[in-house]
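What follows is a set of notes on a single structure, which appears directly below.
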Amino acid sequence: MPIAQINGQGIFYEDSGVGETAVVFLHGFLMDQTMFAPQVAVLTPHYRCVRFDARGFGQTTWDGQPFNLYDTAADCIGLMDHLGIDRAVLVGMSQGGYAALRAALTYPDRVQALVLMSTRSGTDEDEVKAIYRDTRDTWQAVGPIDPLIEGLLTGIIGPKEDHADLWTEWTPRWKSRTKAQIFHAMNNLLDRDDIDHRLSEITVPVLVTHGEEDGGIPIALGEALHRDLLNSQGMVRVPGAAHAANLTHPHIVNPPLLAFLEQIA
């Protein structure tokens with residue numbers, strides 16, 4: 001897969017599939033573009049699918065400077081420019097959803113529709129921020145120790161007994177993240193602005209999906225997005241799913257995703 005020089009970063013991406021409608025995927029914290037493999041597998045016969053690694057994750061080469069969600073949105077649009085894509089459906093999971101929302105606000109003419117997975121529009125509560133700071137500071141002090149990684153895996157993917165293969169796949173990836181990468185990526189989450197009051201500016205069609213067992217971003221916040229976005233077309237509740245519902249429960253997420261894309265394409 002190639003690397004594009006976008007905004008001073010070496011953005012690692014995959015461009016696959018066929019079709020006039022482009023779908024661009026933005027992954028969550030600690031994840032990378034491969035987390036959307038279950039969706040890309042079913043979309044590529046019908047849609048052009050682009051997925052990329054955000055700054056600090058995957059195989060993107062990052063300049064080491066602090067970054068924010070508007071930078072990620074700009075990287076997404078810059079990659080679209082690089083690939084000759086005028087408008088796209090943005091599919092954002094968690095942190096990727098934060099960036100997708102900001103892309104829709106900052107570059108409204110470039111966003112055809114949004115699929116918001118396990119995400120929210122507001123800032124985190126104080127107790128959640130305290131957990132993020134503790135995670136960041138522990139990683140800085142002692143690195144990715146097993147209890148820290150296991151707690152993150154449980155919260156993002158779900159219990160090991162239910163998803164042992166995914167635990168095996170993602171554990172070494174997370175342990176390979178440097179202290180600097182985690183420090184800046186976590187600050188990116190902690191320092192984000194509240195855009196609840198701007199949701200009325202987003203008028204493109206939206207699909208919301210959310211795991212019913214998501215402890216990091218409770219499903220009530222996904223339901224609030226569905227309620228407050230003017231053109232939300234549906235709310236997909238994923239029973240038994242934690243945070244990365246699209247990865248762990250694609251059999252539930254993919255059918256309504258396909259139906260939504262068929263409707264708006």
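Within each chain, counting starts at residue 1; across the structure tokens, chains are named A, B, ... in the order shown, with ligands numbered 1 upward in that order.
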
Enumerate the residues of region 45-246 of chain A with a DSSP assignment of strand (DSSP E or B), computed from the backbone, and present them as a VMD selection string. chain A and resid 48 to 52 61 88 to 93 111 to 117 206 to 211 232 to 238

Can you pull out every residue within 12 Å of Ile264 (chain A), counting only C-alpha atoms, but drop anything in the same chain fewer than 6 positions away, and send it as a PyMOL selection string? chain A and resi 21-23+88-89+112-115+204-207+231-233+257-258

With N, CA and C atoms retained, write the just-selected residues as a CSV table (one decimal), in the first residue's frame.
chain,number,residue,atom,x,y,z
A,21,THR,N,-19.2,6.1,-6.2
A,21,THR,CA,-19.2,6.7,-4.8
A,21,THR,C,-18.0,6.2,-4.0
A,22,ALA,N,-17.3,7.2,-3.4
A,22,ALA,CA,-16.1,6.9,-2.6
A,22,ALA,C,-16.5,6.9,-1.1
A,23,VAL,N,-15.9,5.9,-0.4
A,23,VAL,CA,-16.1,5.8,1.0
A,23,VAL,C,-14.8,5.9,1.7
A,88,ALA,N,-17.0,12.5,-0.7
A,88,ALA,CA,-16.9,11.1,-0.2
A,88,ALA,C,-17.9,10.9,1.0
A,89,VAL,N,-18.3,9.7,1.2
A,89,VAL,CA,-18.9,9.3,2.4
A,89,VAL,C,-17.8,9.0,3.4
A,112,GLN,N,-20.2,13.8,1.5
A,112,GLN,CA,-21.5,13.4,0.9
A,112,GLN,C,-22.4,12.9,1.9
A,113,ALA,N,-21.9,12.2,2.9
A,113,ALA,CA,-22.7,11.6,4.0
A,113,ALA,C,-21.7,11.1,5.1
A,114,LEU,N,-22.3,10.8,6.3
A,114,LEU,CA,-21.5,10.4,7.4
A,114,LEU,C,-22.0,9.0,7.9
A,115,VAL,N,-21.1,8.2,8.3
A,115,VAL,CA,-21.4,7.0,9.1
A,115,VAL,C,-20.6,7.1,10.4
A,204,VAL,N,-26.0,16.7,5.9
A,204,VAL,CA,-25.8,15.5,5.0
A,204,VAL,C,-26.5,14.3,5.7
A,205,PRO,N,-26.8,13.2,4.9
A,205,PRO,CA,-27.4,12.0,5.5
A,205,PRO,C,-26.4,11.4,6.5
A,206,VAL,N,-26.9,10.8,7.6
A,206,VAL,CA,-26.0,10.2,8.6
A,206,VAL,C,-26.6,8.9,9.0
A,207,LEU,N,-25.7,7.9,9.2
A,207,LEU,CA,-26.1,6.6,9.9
A,207,LEU,C,-25.2,6.5,11.1
A,231,ASN,N,-30.3,15.1,9.8
A,231,ASN,CA,-30.6,14.2,8.7
A,231,ASN,C,-30.2,12.8,9.0
A,232,SER,N,-30.2,12.4,10.3
A,232,SER,CA,-29.8,11.1,10.7
A,232,SER,C,-30.9,10.1,10.1
A,233,GLN,N,-30.4,9.1,9.4
A,233,GLN,CA,-31.3,8.2,8.7
A,233,GLN,C,-31.6,6.9,9.5
A,257,LEU,N,-25.3,-0.8,6.9
A,257,LEU,CA,-24.3,0.1,6.2
A,257,LEU,C,-24.5,0.0,4.7
A,258,LEU,N,-24.6,-1.2,4.2
A,258,LEU,CA,-24.9,-1.4,2.8
A,258,LEU,C,-26.2,-0.7,2.3

Neighbour list for region 151-166 of chain A as a list in words, cut-off 10 Å, only C-alpha atoms, skip fewer than 5 positions in-chain: Gly28, Phe29, Leu30, Met31, Thr135, Asp146, Thr171, Trp174, Glu213, Asp214, Gly215, Gly216, Ile217, Gly240, Ala241, Ala242, His243, Ala244, Ala245, Asn246, Leu247 and Thr248 of chain A

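For Pro2 (chain A), the non-local neighbours within 12 Å, defined as residues at least 2 positions apart in the same chain or in other chains and counting only C-alpha atoms, are Ala4, Gln5, Gly10, Ile11, Phe12, Tyr13, Glu14, Asp15, Ser16, Val50, Arg51, Phe52, Asp53, Gln59, Thr60, Thr61, Leu79, His82 and Leu83 of chain A.
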
Writer output for current selection, N, CA and C atoms, as an mmCIF file, in the first residue's frame:
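Done, and the output landed in result_31.cif:
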data_model
loop_
_atom_site.group_PDB
_atom_site.id
_atom_site.type_symbol
_atom_site.label_atom_id
_atom_site.label_comp_id
_atom_site.auth_asym_id
_atom_site.auth_seq_id
_atom_site.Cartn_x
_atom_site.Cartn_y
_atom_site.Cartn_z
ATOM 1 N N ALA A 4 1.246 8.702 0.886
ATOM 2 C CA ALA A 4 1.076 10.018 0.266
ATOM 3 C C ALA A 4 1.592 11.087 1.216
ATOM 4 N N GLN A 5 2.304 12.059 0.689
ATOM 5 C CA GLN A 5 2.778 13.178 1.497
ATOM 6 C C GLN A 5 1.653 14.209 1.602
ATOM 7 N N GLY A 10 3.599 11.480 6.180
ATOM 8 C CA GLY A 10 3.559 10.388 5.221
ATOM 9 C C GLY A 10 2.367 9.498 5.510
ATOM 10 N N ILE A 11 1.238 9.796 4.890
ATOM 11 C CA ILE A 11 -0.020 9.109 5.199
ATOM 12 C C ILE A 11 -0.079 7.776 4.457
ATOM 13 N N PHE A 12 -0.136 6.704 5.232
ATOM 14 C CA PHE A 12 -0.217 5.346 4.699
ATOM 15 C C PHE A 12 -1.684 5.024 4.430
ATOM 16 N N TYR A 13 -1.997 4.561 3.218
ATOM 17 C CA TYR A 13 -3.398 4.359 2.867
ATOM 18 C C TYR A 13 -3.573 3.159 1.946
ATOM 19 N N GLU A 14 -4.817 2.737 1.834
ATOM 20 C CA GLU A 14 -5.220 1.716 0.866
ATOM 21 C C GLU A 14 -6.372 2.269 0.053
ATOM 22 N N ASP A 15 -6.329 2.077 -1.249
ATOM 23 C CA ASP A 15 -7.370 2.535 -2.169
ATOM 24 C C ASP A 15 -7.806 1.325 -2.980
ATOM 25 N N SER A 16 -9.048 0.875 -2.775
ATOM 26 C CA SER A 16 -9.502 -0.354 -3.424
ATOM 27 C C SER A 16 -10.971 -0.229 -3.797
ATOM 28 N N VAL A 50 -11.423 3.883 0.566
ATOM 29 C CA VAL A 50 -10.125 4.433 0.955
ATOM 30 C C VAL A 50 -10.039 4.399 2.473
ATOM 31 N N ARG A 51 -8.974 3.836 2.979
ATOM 32 C CA ARG A 51 -8.742 3.848 4.425
ATOM 33 C C ARG A 51 -7.290 4.225 4.680
ATOM 34 N N PHE A 52 -7.058 4.942 5.766
ATOM 35 C CA PHE A 52 -5.704 5.424 6.027
ATOM 36 C C PHE A 52 -5.398 5.385 7.517
ATOM 37 N N ASP A 53 -4.096 5.348 7.819
ATOM 38 C CA ASP A 53 -3.636 5.382 9.202
ATOM 39 C C ASP A 53 -3.474 6.829 9.642
ATOM 40 N N GLN A 59 1.074 2.638 9.973
ATOM 41 C CA GLN A 59 2.319 2.831 9.237
ATOM 42 C C GLN A 59 2.490 4.250 8.687
ATOM 43 N N THR A 60 1.639 5.156 9.132
ATOM 44 C CA THR A 60 1.833 6.558 8.767
ATOM 45 C C THR A 60 3.075 7.105 9.461
ATOM 46 N N THR A 61 3.899 7.813 8.718
ATOM 47 C CA THR A 61 5.072 8.467 9.294
ATOM 48 C C THR A 61 4.681 9.889 9.669
ATOM 49 N N LEU A 79 -5.859 13.769 1.524
ATOM 50 C CA LEU A 79 -5.737 12.476 0.850
ATOM 51 C C LEU A 79 -6.760 12.364 -0.272
ATOM 52 N N HIS A 82 -5.381 14.179 -3.125
ATOM 53 C CA HIS A 82 -4.299 13.394 -3.728
ATOM 54 C C HIS A 82 -4.847 12.312 -4.652
ATOM 55 N N LEU A 83 -5.995 11.752 -4.269
ATOM 56 C CA LEU A 83 -6.586 10.648 -5.026
ATOM 57 C C LEU A 83 -7.627 11.117 -6.040
#

From the list A:Ala41, A:Ala185, A:Cys49, A:Val128, the nearest residue to Gln65 (chain A) using only C-alpha atoms is A:Ala185

Residues within 9 Å of Tyr107 (chain A), please, as a VMD selection string. Count only C-alpha atoms; anything in the same chain fewer than 3 positions from it doesn't count. chain A and resid 73 to 74 77 102 to 104 110 to 111

Just-selected residues, N, CA and C atoms written as a short mmCIF file (atom, residue, chain, number, x, y, z; two decimals), in the first residue's frame:
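New file out_27.cif:
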data_model
loop_
_atom_site.label_atom_id
_atom_site.label_comp_id
_atom_site.auth_asym_id
_atom_site.auth_seq_id
_atom_site.Cartn_x
_atom_site.Cartn_y
_atom_site.Cartn_z
N ALA A 73 -8.84 15.72 10.16
CA ALA A 73 -9.81 16.05 9.12
C ALA A 73 -9.12 16.61 7.89
N ALA A 74 -8.12 17.48 8.10
CA ALA A 74 -7.38 18.05 6.98
C ALA A 74 -6.57 16.98 6.25
N ILE A 77 -9.07 15.13 3.98
CA ILE A 77 -9.40 15.90 2.78
C ILE A 77 -8.19 16.00 1.85
N ARG A 102 -15.80 16.85 12.30
CA ARG A 102 -15.10 18.11 12.07
C ARG A 102 -14.82 18.33 10.59
N ALA A 103 -14.60 17.27 9.86
CA ALA A 103 -14.46 17.41 8.41
C ALA A 103 -15.76 17.91 7.79
N ALA A 104 -16.89 17.39 8.27
CA ALA A 104 -18.18 17.82 7.74
C ALA A 104 -18.44 19.29 8.05
N ARG A 110 -17.22 18.74 0.71
CA ARG A 110 -16.46 17.55 0.38
C ARG A 110 -17.07 16.28 0.97
N VAL A 111 -18.07 16.44 1.81
CA VAL A 111 -18.64 15.30 2.53
C VAL A 111 -20.03 15.00 2.00
#

Going by DSSP on the backbone, which bits of region 52-265 of chain A are helix (DSSP H, G or I)? Write them as a PDB file with C-alpha atoms, in the first residue's frame, please.
ATOM      1  CA  LEU A  69      -8.769  16.383  15.254  1.00  0.00           C
ATOM      2  CA  TYR A  70      -8.907  19.214  12.736  1.00  0.00           C
ATOM      3  CA  ASP A  71      -5.471  18.093  11.548  1.00  0.00           C
ATOM      4  CA  THR A  72      -6.867  14.586  11.031  1.00  0.00           C
ATOM      5  CA  ALA A  73      -9.814  16.052   9.121  1.00  0.00           C
ATOM      6  CA  ALA A  74      -7.380  18.049   6.978  1.00  0.00           C
ATOM      7  CA  ASP A  75      -5.308  14.913   6.352  1.00  0.00           C
ATOM      8  CA  CYS A  76      -8.464  13.129   5.197  1.00  0.00           C
ATOM      9  CA  ILE A  77      -9.396  15.900   2.777  1.00  0.00           C
ATOM     10  CA  GLY A  78      -5.786  16.188   1.618  1.00  0.00           C
ATOM     11  CA  LEU A  79      -5.737  12.476   0.850  1.00  0.00           C
ATOM     12  CA  MET A  80      -8.972  12.866  -1.104  1.00  0.00           C
ATOM     13  CA  ASP A  81      -7.299  15.638  -3.100  1.00  0.00           C
ATOM     14  CA  HIS A  82      -4.299  13.394  -3.728  1.00  0.00           C
ATOM     15  CA  LEU A  83      -6.586  10.648  -5.026  1.00  0.00           C
ATOM     16  CA  GLN A  95     -11.745   9.122  17.325  1.00  0.00           C
ATOM     17  CA  GLY A  96     -12.352   8.766  13.587  1.00  0.00           C
ATOM     18  CA  GLY A  97     -15.920   9.890  14.157  1.00  0.00           C
ATOM     19  CA  TYR A  98     -14.692  12.981  15.970  1.00  0.00           C
ATOM     20  CA  ALA A  99     -12.543  13.807  12.940  1.00  0.00           C
ATOM     21  CA  ALA A 100     -15.320  12.981  10.452  1.00  0.00           C
ATOM     22  CA  LEU A 101     -17.712  15.361  12.199  1.00  0.00           C
ATOM     23  CA  ARG A 102     -15.101  18.114  12.074  1.00  0.00           C
ATOM     24  CA  ALA A 103     -14.457  17.405   8.408  1.00  0.00           C
ATOM     25  CA  ALA A 104     -18.177  17.822   7.737  1.00  0.00           C
ATOM     26  CA  LEU A 105     -18.143  21.157   9.570  1.00  0.00           C
ATOM     27  CA  THR A 106     -14.907  22.468   8.049  1.00  0.00           C
ATOM     28  CA  PRO A 108     -18.999  20.673   4.010  1.00  0.00           C
ATOM     29  CA  ASP A 109     -18.776  20.564   0.218  1.00  0.00           C
ATOM     30  CA  ARG A 110     -16.459  17.545   0.381  1.00  0.00           C
ATOM     31  CA  ASP A 126     -14.179  14.675  34.101  1.00  0.00           C
ATOM     32  CA  GLU A 127     -14.017  11.068  35.285  1.00  0.00           C
ATOM     33  CA  VAL A 128     -13.366   9.850  31.737  1.00  0.00           C
ATOM     34  CA  LYS A 129     -10.650  12.447  31.249  1.00  0.00           C
ATOM     35  CA  ALA A 130      -9.060  11.254  34.485  1.00  0.00           C
ATOM     36  CA  ILE A 131      -8.929   7.702  33.102  1.00  0.00           C
ATOM     37  CA  TYR A 132      -7.374   8.968  29.865  1.00  0.00           C
ATOM     38  CA  ARG A 133      -4.733  10.922  31.783  1.00  0.00           C
ATOM     39  CA  ASP A 134      -3.950   7.922  33.952  1.00  0.00           C
ATOM     40  CA  THR A 135      -3.583   5.727  30.856  1.00  0.00           C
ATOM     41  CA  ARG A 136      -1.337   8.297  29.194  1.00  0.00           C
ATOM     42  CA  ASP A 137       0.807   8.807  32.269  1.00  0.00           C
ATOM     43  CA  THR A 138       1.127   5.088  33.026  1.00  0.00           C
ATOM     44  CA  TRP A 139       2.252   4.437  29.444  1.00  0.00           C
ATOM     45  CA  GLN A 140       4.818   7.218  29.783  1.00  0.00           C
ATOM     46  CA  ALA A 141       6.094   5.889  33.104  1.00  0.00           C
ATOM     47  CA  VAL A 142       6.281   2.128  32.560  1.00  0.00           C
ATOM     48  CA  ASP A 146       0.067  -6.217  30.355  1.00  0.00           C
ATOM     49  CA  PRO A 147      -2.601  -4.938  32.803  1.00  0.00           C
ATOM     50  CA  LEU A 148      -2.853  -1.681  30.861  1.00  0.00           C
ATOM     51  CA  ILE A 149      -3.142  -3.394  27.479  1.00  0.00           C
ATOM     52  CA  GLU A 150      -5.611  -5.974  28.789  1.00  0.00           C
ATOM     53  CA  GLY A 151      -7.850  -3.245  30.177  1.00  0.00           C
ATOM     54  CA  LEU A 152      -7.815  -1.422  26.855  1.00  0.00           C
ATOM     55  CA  LEU A 153      -8.516  -4.616  24.922  1.00  0.00           C
ATOM     56  CA  THR A 154     -11.480  -5.410  27.146  1.00  0.00           C
ATOM     57  CA  GLY A 155     -12.925  -1.930  26.718  1.00  0.00           C
ATOM     58  CA  ILE A 156     -12.363  -1.594  22.987  1.00  0.00           C
ATOM     59  CA  ALA A 164      -9.290 -14.258  21.651  1.00  0.00           C
ATOM     60  CA  ASP A 165      -8.223 -13.981  18.009  1.00  0.00           C
ATOM     61  CA  LEU A 166      -8.553 -10.200  18.026  1.00  0.00           C
ATOM     62  CA  TRP A 167      -6.679  -9.954  21.325  1.00  0.00           C
ATOM     63  CA  THR A 168      -3.851 -11.944  19.738  1.00  0.00           C
ATOM     64  CA  GLU A 169      -3.869  -9.723  16.653  1.00  0.00           C
ATOM     65  CA  TRP A 170      -3.964  -6.329  18.346  1.00  0.00           C
ATOM     66  CA  THR A 171      -1.806  -6.862  21.450  1.00  0.00           C
ATOM     67  CA  PRO A 172       1.565  -6.666  19.640  1.00  0.00           C
ATOM     68  CA  ARG A 173       0.407  -3.694  17.584  1.00  0.00           C
ATOM     69  CA  TRP A 174      -0.516  -1.714  20.663  1.00  0.00           C
ATOM     70  CA  LYS A 175       2.670  -2.685  22.463  1.00  0.00           C
ATOM     71  CA  LYS A 179       5.512   6.745  24.334  1.00  0.00           C
ATOM     72  CA  ALA A 180       5.507   9.853  22.143  1.00  0.00           C
ATOM     73  CA  GLN A 181       2.790   8.443  19.886  1.00  0.00           C
ATOM     74  CA  ILE A 182       0.518   7.613  22.811  1.00  0.00           C
ATOM     75  CA  PHE A 183       1.247  10.914  24.573  1.00  0.00           C
ATOM     76  CA  HIS A 184       0.210  13.065  21.626  1.00  0.00           C
ATOM     77  CA  ALA A 185      -2.655  10.793  20.530  1.00  0.00           C
ATOM     78  CA  MET A 186      -4.156  10.817  24.021  1.00  0.00           C
ATOM     79  CA  ASN A 187      -3.777  14.592  24.284  1.00  0.00           C
ATOM     80  CA  ASN A 188      -5.610  14.794  20.962  1.00  0.00           C
ATOM     81  CA  LEU A 189      -8.601  13.169  22.670  1.00  0.00           C
ATOM     82  CA  LEU A 190      -8.298  15.105  25.923  1.00  0.00           C
ATOM     83  CA  ASP A 196     -22.631  19.727  20.339  1.00  0.00           C
ATOM     84  CA  HIS A 197     -23.852  23.238  19.520  1.00  0.00           C
ATOM     85  CA  ARG A 198     -22.770  22.900  15.869  1.00  0.00           C
ATOM     86  CA  LEU A 199     -24.583  19.687  14.964  1.00  0.00           C
ATOM     87  CA  SER A 200     -27.386  21.659  13.304  1.00  0.00           C
ATOM     88  CA  GLU A 201     -24.834  22.783  10.685  1.00  0.00           C
ATOM     89  CA  ILE A 219     -24.744   4.075  23.710  1.00  0.00           C
ATOM     90  CA  ALA A 220     -26.864   6.927  25.084  1.00  0.00           C
ATOM     91  CA  LEU A 221     -24.364   9.302  23.478  1.00  0.00           C
ATOM     92  CA  GLY A 222     -24.803   7.596  20.125  1.00  0.00           C
ATOM     93  CA  GLU A 223     -28.549   7.901  20.536  1.00  0.00           C
ATOM     94  CA  ALA A 224     -28.082  11.612  21.234  1.00  0.00           C
ATOM     95  CA  LEU A 225     -26.173  11.981  17.954  1.00  0.00           C
ATOM     96  CA  HIS A 226     -28.981  10.231  16.108  1.00  0.00           C
ATOM     97  CA  ARG A 227     -31.521  12.519  17.744  1.00  0.00           C
ATOM     98  CA  ASP A 228     -29.638  15.794  17.290  1.00  0.00           C
ATOM     99  CA  ALA A 245     -18.602  -3.026  17.145  1.00  0.00           C
ATOM    100  CA  ASN A 246     -17.795  -2.867  13.426  1.00  0.00           C
ATOM    101  CA  LEU A 247     -14.794  -5.140  13.998  1.00  0.00           C
ATOM    102  CA  THR A 248     -16.378  -7.617  16.399  1.00  0.00           C
ATOM    103  CA  PRO A 250     -19.738  -6.999  11.270  1.00  0.00           C
ATOM    104  CA  HIS A 251     -22.656  -9.354  10.633  1.00  0.00           C
ATOM    105  CA  ILE A 252     -24.851  -6.804  12.422  1.00  0.00           C
ATOM    106  CA  VAL A 253     -23.168  -3.597  11.248  1.00  0.00           C
ATOM    107  CA  ASN A 254     -22.655  -4.379   7.562  1.00  0.00           C
ATOM    108  CA  PRO A 255     -26.236  -4.921   6.318  1.00  0.00           C
ATOM    109  CA  PRO A 256     -27.556  -1.511   7.444  1.00  0.00           C
ATOM    110  CA  LEU A 257     -24.316   0.100   6.249  1.00  0.00           C
ATOM    111  CA  LEU A 258     -24.852  -1.350   2.779  1.00  0.00           C
ATOM    112  CA  ALA A 259     -28.505  -0.312   2.798  1.00  0.00           C
ATOM    113  CA  PHE A 260     -27.568   3.243   3.792  1.00  0.00           C
ATOM    114  CA  LEU A 261     -24.975   3.543   1.043  1.00  0.00           C
ATOM    115  CA  GLU A 262     -27.410   2.199  -1.541  1.00  0.00           C
ATOM    116  CA  GLN A 263     -29.921   4.814  -0.419  1.00  0.00           C
ATOM    117  CA  ILE A 264     -27.601   7.831  -0.638  1.00  0.00           C
TER     118      ILE A 264
END

From the options A:Asp193, A:Val24, A:Leu43, A:Gln33, which residue's atoms come nearest to Arg120 (chain A), counting only C-alpha atoms? A:Asp193
